[in-house]
file upload38.txt (compact mmCIF, C-alpha atoms)
# COMPACT_ATOMS: atom_id res chain seq x y z
CA MET A 9 37.08 18.68 18.43
CA ALA A 10 34.32 19.79 16.11
CA LEU A 11 32.14 22.66 17.16
CA ARG A 12 28.79 21.37 18.29
CA ILE A 13 25.63 23.37 17.75
CA LEU A 14 22.71 22.79 20.08
CA GLY A 15 19.91 21.07 18.19
CA SER A 16 22.27 19.83 15.51
CA ALA A 17 22.05 16.26 14.30
CA ASP A 18 25.04 15.24 16.46
CA ASP A 19 23.32 16.49 19.56
CA VAL A 20 20.07 14.72 18.72
CA GLN A 21 21.92 11.49 18.08
CA GLU A 22 23.30 11.69 21.59
CA GLN A 23 19.88 12.46 23.05
CA ILE A 24 18.45 9.39 21.31
CA GLU A 25 21.25 7.19 22.64
CA ARG A 26 20.87 8.54 26.15
CA ALA A 27 17.07 8.09 26.16
CA ILE A 28 17.37 4.48 25.03
CA ARG A 29 20.12 3.68 27.56
CA THR A 30 18.02 5.16 30.35
CA ALA A 31 15.21 2.71 29.51
CA LEU A 32 17.43 -0.21 28.50
CA PRO A 33 20.71 0.19 30.43
CA ASP A 34 22.52 -2.68 28.69
CA ALA A 35 21.62 -1.48 25.19
CA GLN A 36 24.17 -1.08 22.40
CA VAL A 37 22.79 1.73 20.27
CA ALA A 38 23.81 2.83 16.79
CA VAL A 39 22.19 5.99 15.44
CA LYS A 40 22.50 7.12 11.85
CA ALA A 41 21.18 10.53 10.79
CA GLY A 42 19.27 10.54 7.52
CA GLY A 43 18.63 14.28 7.18
CA SER A 44 15.68 16.56 8.14
CA ALA A 45 15.24 14.93 11.57
CA HIS A 46 15.02 11.40 10.13
CA TYR A 47 17.09 8.71 11.84
CA GLU A 48 17.95 5.05 11.54
CA LEU A 49 18.45 3.05 14.72
CA SER A 50 19.97 -0.27 15.57
CA VAL A 51 19.58 -1.47 19.18
CA VAL A 52 20.88 -4.65 20.81
CA SER A 53 19.59 -5.44 24.30
CA GLU A 54 18.93 -8.44 26.54
CA ALA A 55 15.49 -6.88 27.20
CA PHE A 56 14.37 -7.99 23.70
CA ARG A 57 14.82 -11.70 24.36
CA GLY A 58 11.59 -13.67 23.95
CA LYS A 59 9.65 -10.63 22.69
CA SER A 60 7.95 -10.15 19.31
CA MET A 61 9.33 -7.58 16.89
CA VAL A 62 6.46 -5.20 17.68
CA GLN A 63 7.13 -5.49 21.42
CA GLN A 64 10.84 -4.88 20.86
CA HIS A 65 10.14 -1.79 18.78
CA GLN A 66 7.63 -0.55 21.37
CA LEU A 67 10.35 -0.67 24.06
CA VAL A 68 12.54 1.58 21.93
CA TYR A 69 9.76 3.94 20.84
CA ARG A 70 8.52 4.29 24.43
CA ALA A 71 12.03 5.42 25.40
CA ILE A 72 12.29 8.06 22.68
CA THR A 73 8.65 9.28 22.64
CA PRO A 74 9.57 12.56 24.38
CA LEU A 75 11.95 13.32 21.48
CA MET A 76 9.18 12.73 18.94
CA ALA A 77 6.34 14.64 20.63
CA GLY A 78 5.07 18.11 19.82
CA ASP A 79 4.90 20.21 16.67
CA ALA A 80 8.60 20.50 15.80
CA PRO A 81 10.21 17.55 17.57
CA PRO A 82 13.99 16.92 17.32
CA VAL A 83 13.16 13.49 15.89
CA HIS A 84 10.58 13.57 13.14
CA ALA A 85 10.76 9.97 12.00
CA ILE A 86 12.66 6.72 12.48
CA ASP A 87 13.12 5.44 8.95
CA ARG A 88 14.56 2.13 10.00
CA LEU A 89 14.66 0.39 13.35
CA VAL A 90 16.51 -2.87 13.84
CA THR A 91 16.29 -4.56 17.24
CA LYS A 92 17.79 -7.81 18.45
CA ALA A 93 18.89 -9.65 21.57
CA PRO A 94 22.66 -10.22 21.91
CA MET B 27 -3.00 11.87 26.93
CA ASP B 28 -6.07 12.75 28.98
CA GLU B 29 -8.53 10.18 30.26
CA ARG B 30 -11.23 11.19 27.79
CA THR B 31 -8.96 10.54 24.80
CA ARG B 32 -7.92 7.17 26.22
CA ILE B 33 -11.56 6.13 26.61
CA GLU B 34 -12.34 7.37 23.10
CA ILE B 35 -9.46 5.29 21.67
CA ASP B 36 -10.51 2.24 23.72
CA THR B 37 -14.03 2.59 22.31
CA LEU B 38 -12.80 2.97 18.72
CA ILE B 39 -10.57 -0.10 18.97
CA ALA B 40 -13.40 -2.15 20.49
CA SER B 41 -15.86 -1.01 17.80
CA ASP B 42 -14.68 -3.51 15.15
CA ARG B 43 -12.43 -6.55 14.89
CA VAL B 44 -10.09 -4.75 12.50
CA VAL B 45 -9.46 -1.05 13.12
CA LEU B 46 -6.92 1.08 11.23
CA PHE B 47 -5.84 4.51 12.48
CA MET B 48 -4.70 6.29 9.34
CA LYS B 49 -4.25 9.63 7.60
CA GLY B 50 -7.32 10.19 5.43
CA HIS B 51 -10.11 7.81 4.59
CA ARG B 52 -10.06 4.24 3.32
CA ARG B 53 -11.11 5.48 -0.13
CA GLN B 54 -8.84 8.52 0.00
CA PRO B 55 -5.64 7.92 1.97
CA GLN B 56 -3.62 11.08 2.54
CA CYS B 57 -0.22 9.40 2.93
CA GLY B 58 1.64 6.63 1.16
CA PHE B 59 2.11 4.51 4.28
CA SER B 60 -1.61 4.60 5.06
CA ALA B 61 -2.39 3.78 1.42
CA THR B 62 -0.09 0.74 1.53
CA VAL B 63 -1.84 -0.70 4.59
CA VAL B 64 -5.29 0.00 3.08
CA GLY B 65 -4.22 -1.83 -0.09
CA ILE B 66 -3.21 -4.88 1.93
CA LEU B 67 -6.33 -4.89 4.13
CA ASP B 68 -8.62 -4.43 1.12
CA GLU B 69 -7.23 -7.65 -0.25
CA LEU B 70 -7.62 -9.66 2.95
CA VAL B 71 -10.82 -8.43 4.68
CA PRO B 72 -14.07 -7.21 3.12
CA ASP B 73 -14.97 -4.82 5.93
CA TYR B 74 -12.94 -2.95 8.48
CA THR B 75 -13.04 0.37 10.28
CA THR B 76 -10.72 3.28 9.60
CA VAL B 77 -10.19 6.30 11.84
CA ASP B 78 -8.90 9.47 10.19
CA VAL B 79 -6.42 10.97 12.66
CA LEU B 80 -6.15 14.15 10.59
CA ALA B 81 -9.73 14.95 11.63
CA ASN B 82 -8.94 14.60 15.33
CA PRO B 83 -5.69 16.06 16.74
CA ALA B 84 -6.29 14.61 20.24
CA ILE B 85 -6.49 11.09 18.80
CA ARG B 86 -3.59 11.73 16.43
CA GLU B 87 -1.27 12.47 19.39
CA GLY B 88 -3.02 10.16 21.87
CA ILE B 89 -2.76 7.01 19.76
CA LYS B 90 1.04 7.35 19.76
CA THR B 91 1.20 7.23 23.56
CA TYR B 92 -1.55 4.63 23.73
CA SER B 93 0.47 2.07 21.76
CA SER B 94 4.01 3.37 22.38
CA TRP B 95 4.24 3.71 18.64
CA PRO B 96 5.27 7.08 17.17
CA THR B 97 3.83 6.79 13.67
CA ILE B 98 0.55 6.54 11.78
CA PRO B 99 -0.88 4.22 10.40
CA GLN B 100 -1.51 1.80 13.25
CA LEU B 101 -3.41 -1.45 12.85
CA TYR B 102 -5.41 -3.14 15.63
CA VAL B 103 -6.93 -6.62 15.32
CA ALA B 104 -9.26 -7.96 18.01
CA GLY B 105 -8.19 -5.17 20.35
CA GLU B 106 -4.48 -5.93 19.96
CA PHE B 107 -1.93 -3.57 18.40
CA VAL B 108 -0.39 -5.28 15.37
CA GLY B 109 2.02 -2.65 14.07
CA GLY B 110 2.65 0.13 11.58
CA CYS B 111 3.21 0.02 7.84
CA ASP B 112 6.53 -1.87 7.78
CA ILE B 113 5.35 -4.55 10.18
CA VAL B 114 2.00 -4.99 8.42
CA ARG B 115 3.86 -5.38 5.12
CA GLU B 116 6.23 -7.89 6.65
CA LEU B 117 3.46 -9.96 8.30
CA TYR B 118 1.60 -9.87 5.00
CA GLY B 119 4.69 -11.12 3.20
CA THR B 120 5.14 -14.09 5.54
CA GLY B 121 1.42 -14.97 5.57
CA GLU B 122 1.03 -14.25 9.32
CA LEU B 123 -1.33 -11.37 8.63
CA HIS B 124 -3.63 -13.65 6.62
CA GLU B 125 -3.84 -15.92 9.65
CA LYS B 126 -4.51 -13.05 12.08
CA LEU B 127 -7.30 -11.74 9.88
CA GLY B 128 -8.81 -15.16 9.20
CA ALA B 129 -8.03 -15.05 5.46
CA SER B 130 -6.76 -18.18 3.71
CA ALA B 131 -2.97 -18.33 3.67
CA PRO B 132 -1.21 -17.66 0.37
CA GLU B 133 0.25 -20.74 -1.30
CA ARG B 134 3.98 -21.06 -1.73
CA VAL B 135 4.29 -20.48 -5.45
CA VAL B 136 7.71 -20.47 -7.11
CA PRO B 137 7.25 -18.06 -10.01
CA GLU B 138 8.49 -18.81 -13.52
CA MET B 139 10.60 -15.90 -14.75
CA THR B 140 12.43 -14.81 -17.86
CA ILE B 141 15.55 -12.74 -17.30
CA THR B 142 17.35 -11.37 -20.36
CA ASP B 143 21.14 -11.67 -20.60
CA ALA B 144 21.58 -7.92 -20.08
CA ALA B 145 19.38 -7.93 -16.97
CA ALA B 146 21.10 -11.07 -15.64
CA ARG B 147 24.54 -9.44 -15.99
CA PHE B 148 23.36 -6.27 -14.26
CA LEU B 149 21.65 -8.12 -11.39
CA ARG B 150 24.52 -10.55 -10.80
CA ASP B 151 27.02 -7.67 -10.68
CA ALA B 152 24.91 -5.63 -8.28
CA ALA B 153 24.29 -8.56 -5.94
CA GLU B 154 27.96 -9.57 -5.92
CA ARG B 155 29.19 -6.06 -5.30
CA ALA B 156 26.77 -5.58 -2.38
CA GLY B 157 27.15 -9.15 -1.10
CA GLN B 158 23.37 -9.29 -0.72
CA ALA B 159 20.32 -11.00 -2.16
CA ILE B 160 18.07 -9.52 -4.84
CA HIS B 161 14.46 -9.04 -3.77
CA LEU B 162 11.41 -8.19 -5.80
CA ARG B 163 8.31 -6.92 -4.03
CA ILE B 164 5.03 -6.65 -5.92
CA ASP B 165 2.22 -5.02 -3.96
CA PRO B 166 -1.52 -5.71 -4.40
CA ARG B 167 -1.68 -2.87 -6.95
CA PHE B 168 1.24 -4.42 -8.84
CA GLN B 169 3.62 -1.61 -8.00
CA THR B 170 6.96 -3.35 -8.18
CA LYS B 171 10.15 -2.61 -6.32
CA ALA B 172 13.52 -4.32 -6.76
CA TYR B 173 16.05 -3.98 -3.95
CA LEU B 174 19.17 -5.54 -2.43
CA GLY B 175 19.14 -6.79 1.15
CA PRO B 176 19.80 -9.76 3.39
CA ALA B 177 17.77 -12.91 2.69
CA GLU B 178 14.71 -13.04 4.96
CA PRO B 179 13.27 -16.18 6.57
CA GLY B 180 10.27 -17.65 4.75
CA GLU B 181 11.10 -16.04 1.42
CA ILE B 182 10.61 -17.86 -1.86
CA GLU B 183 13.62 -18.10 -4.13
CA ALA B 184 13.24 -18.34 -7.89
CA GLU B 185 16.06 -18.76 -10.38
CA ALA B 186 16.43 -17.88 -14.05
CA ASN B 187 19.45 -17.30 -16.28
CA GLY B 188 21.82 -17.84 -13.34
CA VAL B 189 20.14 -15.18 -11.16
CA THR B 190 18.27 -15.94 -7.93
CA ILE B 191 15.50 -13.57 -6.87
CA HIS B 192 13.84 -13.55 -3.45
CA PHE B 193 10.09 -12.96 -3.08
CA ASP B 194 7.84 -12.68 -0.06
CA LEU B 195 4.87 -15.07 0.00
CA ALA B 196 2.41 -12.55 -1.40
CA SER B 197 4.67 -11.22 -4.15
CA ALA B 198 5.67 -14.64 -5.54
CA PRO B 199 2.36 -15.61 -7.20
CA ARG B 200 2.10 -12.12 -8.70
CA ALA B 201 5.49 -12.61 -10.33
CA ASP B 202 4.61 -15.79 -12.23
CA GLY B 203 5.45 -15.24 -15.89
CA ILE B 204 7.33 -11.95 -15.49
CA ARG B 205 10.03 -10.90 -17.89
CA ILE B 206 12.92 -8.82 -16.58
CA ASP B 207 14.98 -6.79 -19.03
CA TYR B 208 17.64 -4.12 -18.69
CA VAL B 209 17.01 -1.23 -21.05
CA GLU B 210 18.12 2.27 -21.86
CA THR B 211 15.76 4.98 -20.65
CA ALA B 212 15.81 8.77 -20.60
CA HIS B 213 17.52 8.58 -17.17
CA GLY B 214 20.17 6.01 -18.07
CA HIS B 215 19.86 2.23 -17.90
CA ASP B 216 17.19 0.64 -15.77
CA LEU B 217 15.37 -2.62 -15.18
CA ALA B 218 12.18 -3.03 -17.19
CA ILE B 219 9.71 -5.51 -15.76
CA ASP B 220 6.85 -6.80 -17.84
CA ASN B 221 4.21 -8.51 -15.70
CA PRO B 222 1.36 -10.38 -17.41
CA ASN B 223 -0.55 -10.57 -14.09
CA ALA B 224 -0.80 -6.78 -13.69
CA PRO B 225 -4.34 -5.50 -14.25
CA ARG B 226 -4.96 -4.37 -17.79
CA PRO B 227 -5.25 -0.63 -18.30
CA VAL B 228 -8.72 0.79 -18.90
CA GLN B 229 -9.84 -0.41 -22.34
CA GLN B 230 -11.38 2.05 -24.80
CA MET B 231 -14.64 0.83 -26.34
CA SER B 232 -16.08 2.46 -29.45
CA VAL B 233 -19.85 2.96 -29.62
CA ALA B 234 -19.94 0.39 -32.46
CA GLU B 235 -18.29 -2.16 -30.15
CA LEU B 236 -20.73 -1.18 -27.42
CA LYS B 237 -23.68 -1.79 -29.74
CA GLN B 238 -22.27 -5.22 -30.65
CA LEU B 239 -21.77 -6.06 -26.99
CA LEU B 240 -25.35 -5.04 -26.11
CA ASP B 241 -26.76 -7.05 -29.05
CA SER B 242 -24.72 -10.13 -28.12
CA GLY B 243 -26.48 -10.43 -24.77
CA THR B 244 -23.13 -10.82 -22.95
CA PRO B 245 -23.71 -9.87 -19.30
CA PHE B 246 -21.80 -6.82 -18.11
CA HIS B 247 -22.26 -3.87 -15.76
CA PHE B 248 -23.09 -0.64 -17.56
CA TYR B 249 -22.82 2.71 -15.75
CA ASP B 250 -23.68 6.31 -16.50
CA VAL B 251 -21.50 8.75 -14.54
CA ARG B 252 -23.23 11.98 -15.65
CA THR B 253 -25.47 14.22 -13.56
CA PRO B 254 -29.16 13.35 -13.00
CA GLU B 255 -30.07 16.45 -15.10
CA GLU B 256 -28.08 15.21 -18.10
CA ARG B 257 -29.62 11.78 -17.65
CA ALA B 258 -33.12 13.32 -17.75
CA THR B 259 -32.21 14.85 -21.13
CA ALA B 260 -30.82 11.72 -22.79
CA ARG B 261 -29.94 8.20 -21.78
CA ILE B 262 -28.72 4.89 -23.18
CA PRO B 263 -31.07 2.06 -22.14
CA GLY B 264 -29.61 -0.48 -19.71
CA THR B 265 -27.40 1.96 -17.82
CA THR B 266 -27.37 2.67 -14.09
CA LEU B 267 -26.64 6.17 -12.82
CA VAL B 268 -23.67 6.10 -10.43
CA ASP B 269 -24.31 7.72 -7.05
CA ALA B 270 -22.59 6.99 -3.72
CA ASP B 271 -24.71 3.86 -3.08
CA VAL B 272 -24.09 2.45 -6.55
CA ALA B 273 -20.36 3.18 -6.23
CA ALA B 274 -20.29 1.23 -2.96
CA ALA B 275 -22.17 -1.65 -4.64
CA ILE B 276 -19.66 -1.73 -7.54
CA GLU B 277 -16.82 -2.08 -5.04
CA LYS B 278 -18.41 -5.30 -3.78
CA LEU B 279 -18.53 -6.92 -7.25
CA PRO B 280 -15.99 -9.62 -8.14
CA LYS B 281 -12.76 -8.00 -9.32
CA ASP B 282 -13.01 -9.62 -12.76
CA ALA B 283 -16.56 -8.33 -13.40
CA MET B 284 -16.87 -6.48 -16.71
CA LEU B 285 -17.48 -2.78 -15.98
CA VAL B 286 -18.37 -0.28 -18.73
CA PHE B 287 -18.60 3.46 -18.00
CA HIS B 288 -19.98 6.26 -20.14
CA CYS B 289 -20.57 10.01 -19.77
CA HIS B 290 -21.22 12.82 -22.28
CA HIS B 291 -17.94 12.70 -24.24
CA GLY B 292 -15.78 10.13 -22.44
CA GLY B 293 -13.70 12.27 -20.04
CA ARG B 294 -15.52 11.84 -16.75
CA SER B 295 -16.15 8.16 -17.45
CA GLN B 296 -12.42 7.66 -18.08
CA GLN B 297 -11.75 9.01 -14.58
CA ALA B 298 -14.42 6.78 -13.08
CA ALA B 299 -12.97 3.77 -14.91
CA GLU B 300 -9.45 4.57 -13.68
CA HIS B 301 -10.80 4.84 -10.13
CA PHE B 302 -12.21 1.31 -10.20
CA ARG B 303 -9.16 -0.09 -11.94
CA ALA B 304 -7.03 1.30 -9.11
CA LEU B 305 -9.26 -0.61 -6.69
CA GLY B 306 -8.18 -3.82 -8.40
CA PHE B 307 -10.84 -4.33 -11.10
CA THR B 308 -9.27 -6.03 -14.11
CA ASN B 309 -11.93 -5.74 -16.81
CA VAL B 310 -12.77 -2.04 -17.02
CA HIS B 311 -13.92 -0.21 -20.15
CA ASN B 312 -14.60 3.40 -21.13
CA VAL B 313 -17.03 4.30 -23.91
CA ALA B 314 -14.95 6.54 -26.18
CA GLY B 315 -16.96 9.61 -27.27
CA GLY B 316 -19.70 8.93 -24.70
CA ILE B 317 -23.43 9.30 -25.29
CA ASP B 318 -22.75 12.00 -27.88
CA ALA B 319 -21.01 9.47 -30.15
CA TRP B 320 -23.84 7.01 -29.45
CA SER B 321 -26.42 9.59 -30.69
CA ARG B 322 -24.38 10.44 -33.80
CA GLU B 323 -23.34 6.94 -34.85
CA ILE B 324 -25.77 4.41 -33.40
CA ASP B 325 -29.12 5.82 -32.25
CA PRO B 326 -30.18 9.30 -33.54
CA SER B 327 -33.35 9.06 -31.42
CA VAL B 328 -31.19 9.79 -28.34
CA PRO B 329 -31.13 13.62 -28.15
CA ARG B 330 -27.80 15.42 -28.37
CA TYR B 331 -27.14 18.26 -25.98
call {"tool": "encode", "arguments": {"input": "upload38.txt", "output": "structure tokens"}}
result
Amino acid sequence: MALRILGSADDVQEQIERAIRTALPDAQVAVKAGGSAHYELSVVSEAFRGKSMVQQHQLVYRAITPLMAGDAPPVHAIDRLVTKAP
Amino acid sequence: MDERTRIEIDTLIASDRVVLFMKGHRRQPQCGFSATVVGILDELVPDYTTVDVLANPAIREGIKTYSSWPTIPQLYVAGEFVGGCDIVRELYGTGELHEKLGASAPERVVPEMTITDAAARFLRDAAERAGQAIHLRIDPRFQTKAYLGPAEPGEIEAEANGVTIHFDLASAPRADGIRIDYVETAHGHDLAIDNPNAPRPVQQMSVAELKQLLDSGTPFHFYDVRTPEERATARIPGTTLVDADVAAAIEKLPKDAMLVFHCHHGGRSQQAAEHFRALGFTNVHNVAGGIDAWSREIDPSVPRY
């Protein structure tokens, strides 16, 4: 098993997944690290059904806001967010 | 976010039908994403309100919680959160933003294109290898981006030389008449796109041409961008000194109005001309050599300084 350093990209990817699953328990989450705290996310959840793209993205962003707050947050930017219902 | 910030944001959003929270000012965006949204709004609505979040840290953080949206810019229309840069660009491309803002919807224009054999080979190969569609996006300032991606609903497809290119609704009319070539550059081979719809660069006008234009009686807008002190020393009749009010008035002119700028030697007026060209004006001229050339070649009664 690879050595994991706290605050490394791996760790942040897990934090993102966990935060989204806490808000949207059925969600399938794929996180791709893009370097310097930039990430790409793909989320599939029943919660998105019947909602506009903005509303779907808001559900995800609301879940990960704590990871993006403050001066040096673990997540600086989401470069690409794809959401859809299963 | 504290209650005071929430009330402040509520008040800002209610202050106008279209409100953009951005980095920098409408005339001087401090980030590319903000600049993109400003470019789109400028095209669709004459007046809107911008809030510079860089000037107010409480609002900069608060607006993110307010909308559950982590990034700036953020657009609000009639009190409702519309989205950030990507969503605004997408809604603009499908014509939904036009509708939201009460602008007339763009027509579905299938552009005529010319694609050279070299470009066609390159594009076909790239699309086949990626298994994706070729898209061309042309923004209101005619910055053009070619990319591969899945076909999107509502896109317009145009075909030339065996290659299909996908356009969003707003890009398609801007692409009418383009010629796509594949050429060798300093950094290897690359696509070269020649677009006859792109605004012409600032045109240089000699003082002799200026004299002819003035004598012909052709209507045009003639501006002096020097200081009031310089203007007190020497001036060309028929010019208007540009101050903040005049600059705002120029912005409201039709985009095809003929604008001519002069200064002392032609440097400052070139900058002014470039500024208005970047705002979308298509018929912008700079008097080469400025008022000094005018004194030397056309009218010696205008003092040199």
call {"tool": "residues_near_point", "arguments": {"input": "upload38.txt", "point": "(11.3, -17.9, -4.1)", "cutoff": "7 Å", "atoms": "all atoms listed in the file", "output": "PDB file with C-alpha atoms, in the frame of the given file"}}
result
ATOM      1  CA  VAL B 136       7.710 -20.470  -7.110  1.00  0.00           C
ATOM      2  CA  GLU B 181      11.100 -16.040   1.420  1.00  0.00           C
ATOM      3  CA  ILE B 182      10.610 -17.860  -1.860  1.00  0.00           C
ATOM      4  CA  GLU B 183      13.620 -18.100  -4.130  1.00  0.00           C
ATOM      5  CA  ALA B 184      13.240 -18.340  -7.890  1.00  0.00           C
ATOM      6  CA  ILE B 191      15.500 -13.570  -6.870  1.00  0.00           C
ATOM      7  CA  HIS B 192      13.840 -13.550  -3.450  1.00  0.00           C
ATOM      8  CA  PHE B 193      10.090 -12.960  -3.080  1.00  0.00           C
ATOM      9  CA  ALA B 198       5.670 -14.640  -5.540  1.00  0.00           C
TER      10      ALA B 198
END
call {"tool": "atom_distance", "arguments": {"input": "upload38.txt", "atom1": "atom CA of Gln36 of chain A", "atom2": "atom CA of Asp87 of chain A"}}
result
18.6 Å
call {"tool": "closest_residue", "arguments": {"input": "upload38.txt", "among": "A:Met61, A:Ile24, A:Ala45, A:Ala38", "to": "Pro81 of chain A", "atoms": "all atoms listed in the file"}}
result
A:Ala45
call {"tool": "atom_distance", "arguments": {"input": "upload38.txt", "atom1": "atom CA of Ala71 of chain A", "atom2": "atom CA of Tyr92 of chain B"}}
result
13.7 Å
call {"tool": "closest_atom_pairs", "arguments": {"input": "upload38.txt", "of": "chain B", "to": "chain A", "cutoff": "9 Å", "atoms": "only C-alpha atoms", "output": "tab-separated table"}}
result
residue	atom	partner	partner_atom	distance
B:Glu87	CA	A:Ala77	CA	8.0
B:Lys90	CA	A:Thr73	CA	8.4
B:Thr91	CA	A:Thr73	CA	7.8
B:Ser93	CA	A:Gln66	CA	7.6
B:Ser94	CA	A:Arg70	CA	5.0
B:Trp95	CA	A:Tyr69	CA	5.9
B:Pro96	CA	A:Tyr69	CA	6.6
B:Thr97	CA	A:Ala85	CA	7.8
B:Phe107	CA	A:Val62	CA	8.6
B:Val108	CA	A:Val62	CA	7.2
B:Gly109	CA	A:Val62	CA	6.3
B:Gly110	CA	A:Val62	CA	9.0
B:Ile113	CA	A:Val62	CA	7.6
call {"tool": "atom_distance", "arguments": {"input": "upload38.txt", "atom1": "atom CA of Lys237 of chain B", "atom2": "atom CA of Ile317 of chain B"}}
result
12.0 Å
call {"tool": "residues_around", "arguments": {"input": "upload38.txt", "residues": "segment 61-68 of chain B", "least_positions_apart": "2", "cutoff": "10 Å", "atoms": "all atoms listed in the file", "output": "ChimeraX atom specification"}}
result
/B:44,46,48-59,70-74,76,99-101,110-115,118,123-124,127,165-167,304-306
call {"tool": "residues_around", "arguments": {"input": "upload38.txt", "residues": "Val20 of chain A", "least_positions_apart": "6", "cutoff": "9 Å", "atoms": "only C-alpha atoms", "output": "PyMOL selection string"}}
result
chain A and resi 14+45+75+82-83
call {"tool": "closest_residue", "arguments": {"input": "upload38.txt", "among": "B:Val328, B:Lys126, B:Lys281, B:Asp151", "to": "Glu106 of chain B", "atoms": "only C-alpha atoms"}}
result
B:Lys126
call {"tool": "closest_residue", "arguments": {"input": "upload38.txt", "among": "A:Gln21, A:Ser53, A:Lys92, A:Asp79", "to": "Asp34 of chain A", "atoms": "all atoms listed in the file"}}
result
A:Ser53
call {"tool": "residues_around", "arguments": {"input": "upload38.txt", "residues": "segment 168-176 of chain B", "least_positions_apart": "2", "cutoff": "12 Å", "atoms": "only C-alpha atoms", "output": "JSON, numbers by chain"}}
result
{"B": [62, 65, 66, 149, 150, 151, 152, 153, 154, 155, 156, 157, 158, 159, 160, 161, 162, 163, 164, 165, 166, 178, 179, 181, 190, 191, 192, 193, 196, 197, 198, 199, 200, 201, 204, 206, 216, 217, 218, 219, 220, 221, 222, 223, 224, 225, 226, 303, 304, 305, 306, 308]}
call {"tool": "residues_around", "arguments": {"input": "upload38.txt", "residues": "segment 268-275 of chain B", "least_positions_apart": "3", "cutoff": "9 Å", "atoms": "all atoms listed in the file", "output": "list in words"}}
result
Tyr249, Asp250, Val251, Arg252, Thr253, Lys278 and Leu279 of chain B
call {"tool": "residues_around", "arguments": {"input": "upload38.txt", "residues": "Pro263 of chain B", "least_positions_apart": "2", "cutoff": "10 Å", "atoms": "all atoms listed in the file", "output": "number ranges by chain"}}
result
B: 240, 248, 260-261, 265-266, 328
call {"tool": "build_atoms", "arguments": {"input": "upload38.txt", "residues": "segment 41-54 of chain A", "atoms": "N, CA and C atoms", "output": "JSON list (two decimals), in the coordinates of the input"}}
result
[["chain", "number", "residue", "atom", "x", "y", "z"],
["A", 41, "ALA", "N", 22.05, 9.43, 11.19],
["A", 41, "ALA", "CA", 21.18, 10.53, 10.79],
["A", 41, "ALA", "C", 20.90, 10.44, 9.30],
["A", 42, "GLY", "N", 19.64, 10.62, 8.94],
["A", 42, "GLY", "CA", 19.27, 10.54, 7.52],
["A", 42, "GLY", "C", 18.86, 11.87, 6.94],
["A", 43, "GLY", "N", 19.01, 12.97, 7.72],
["A", 43, "GLY", "CA", 18.63, 14.28, 7.18],
["A", 43, "GLY", "C", 17.21, 14.66, 7.55],
["A", 44, "SER", "N", 16.97, 15.96, 7.73],
["A", 44, "SER", "CA", 15.68, 16.56, 8.14],
["A", 44, "SER", "C", 15.00, 15.76, 9.24],
["A", 45, "ALA", "N", 15.76, 15.55, 10.34],
["A", 45, "ALA", "CA", 15.24, 14.93, 11.57],
["A", 45, "ALA", "C", 14.75, 13.49, 11.37],
["A", 46, "HIS", "N", 15.28, 12.83, 10.33],
["A", 46, "HIS", "CA", 15.02, 11.40, 10.13],
["A", 46, "HIS", "C", 16.23, 10.61, 10.62],
["A", 47, "TYR", "N", 15.98, 9.50, 11.29],
["A", 47, "TYR", "CA", 17.09, 8.71, 11.84],
["A", 47, "TYR", "C", 16.88, 7.22, 11.59],
["A", 48, "GLU", "N", 18.00, 6.51, 11.58],
["A", 48, "GLU", "CA", 17.95, 5.05, 11.54],
["A", 48, "GLU", "C", 18.59, 4.53, 12.82],
["A", 49, "LEU", "N", 17.97, 3.55, 13.44],
["A", 49, "LEU", "CA", 18.45, 3.05, 14.72],
["A", 49, "LEU", "C", 18.68, 1.56, 14.68],
["A", 50, "SER", "N", 19.74, 1.15, 15.37],
["A", 50, "SER", "CA", 19.97, -0.27, 15.57],
["A", 50, "SER", "C", 20.24, -0.45, 17.07],
["A", 51, "VAL", "N", 19.46, -1.32, 17.73],
["A", 51, "VAL", "CA", 19.58, -1.47, 19.18],
["A", 51, "VAL", "C", 19.70, -2.96, 19.52],
["A", 52, "VAL", "N", 20.70, -3.28, 20.33],
["A", 52, "VAL", "CA", 20.88, -4.65, 20.81],
["A", 52, "VAL", "C", 20.71, -4.62, 22.32],
["A", 53, "SER", "N", 19.78, -5.43, 22.85],
["A", 53, "SER", "CA", 19.59, -5.44, 24.30],
["A", 53, "SER", "C", 19.02, -6.79, 24.75],
["A", 54, "GLU", "N", 19.43, -7.20, 25.92],
["A", 54, "GLU", "CA", 18.93, -8.44, 26.54],
["A", 54, "GLU", "C", 17.42, -8.34, 26.76]]
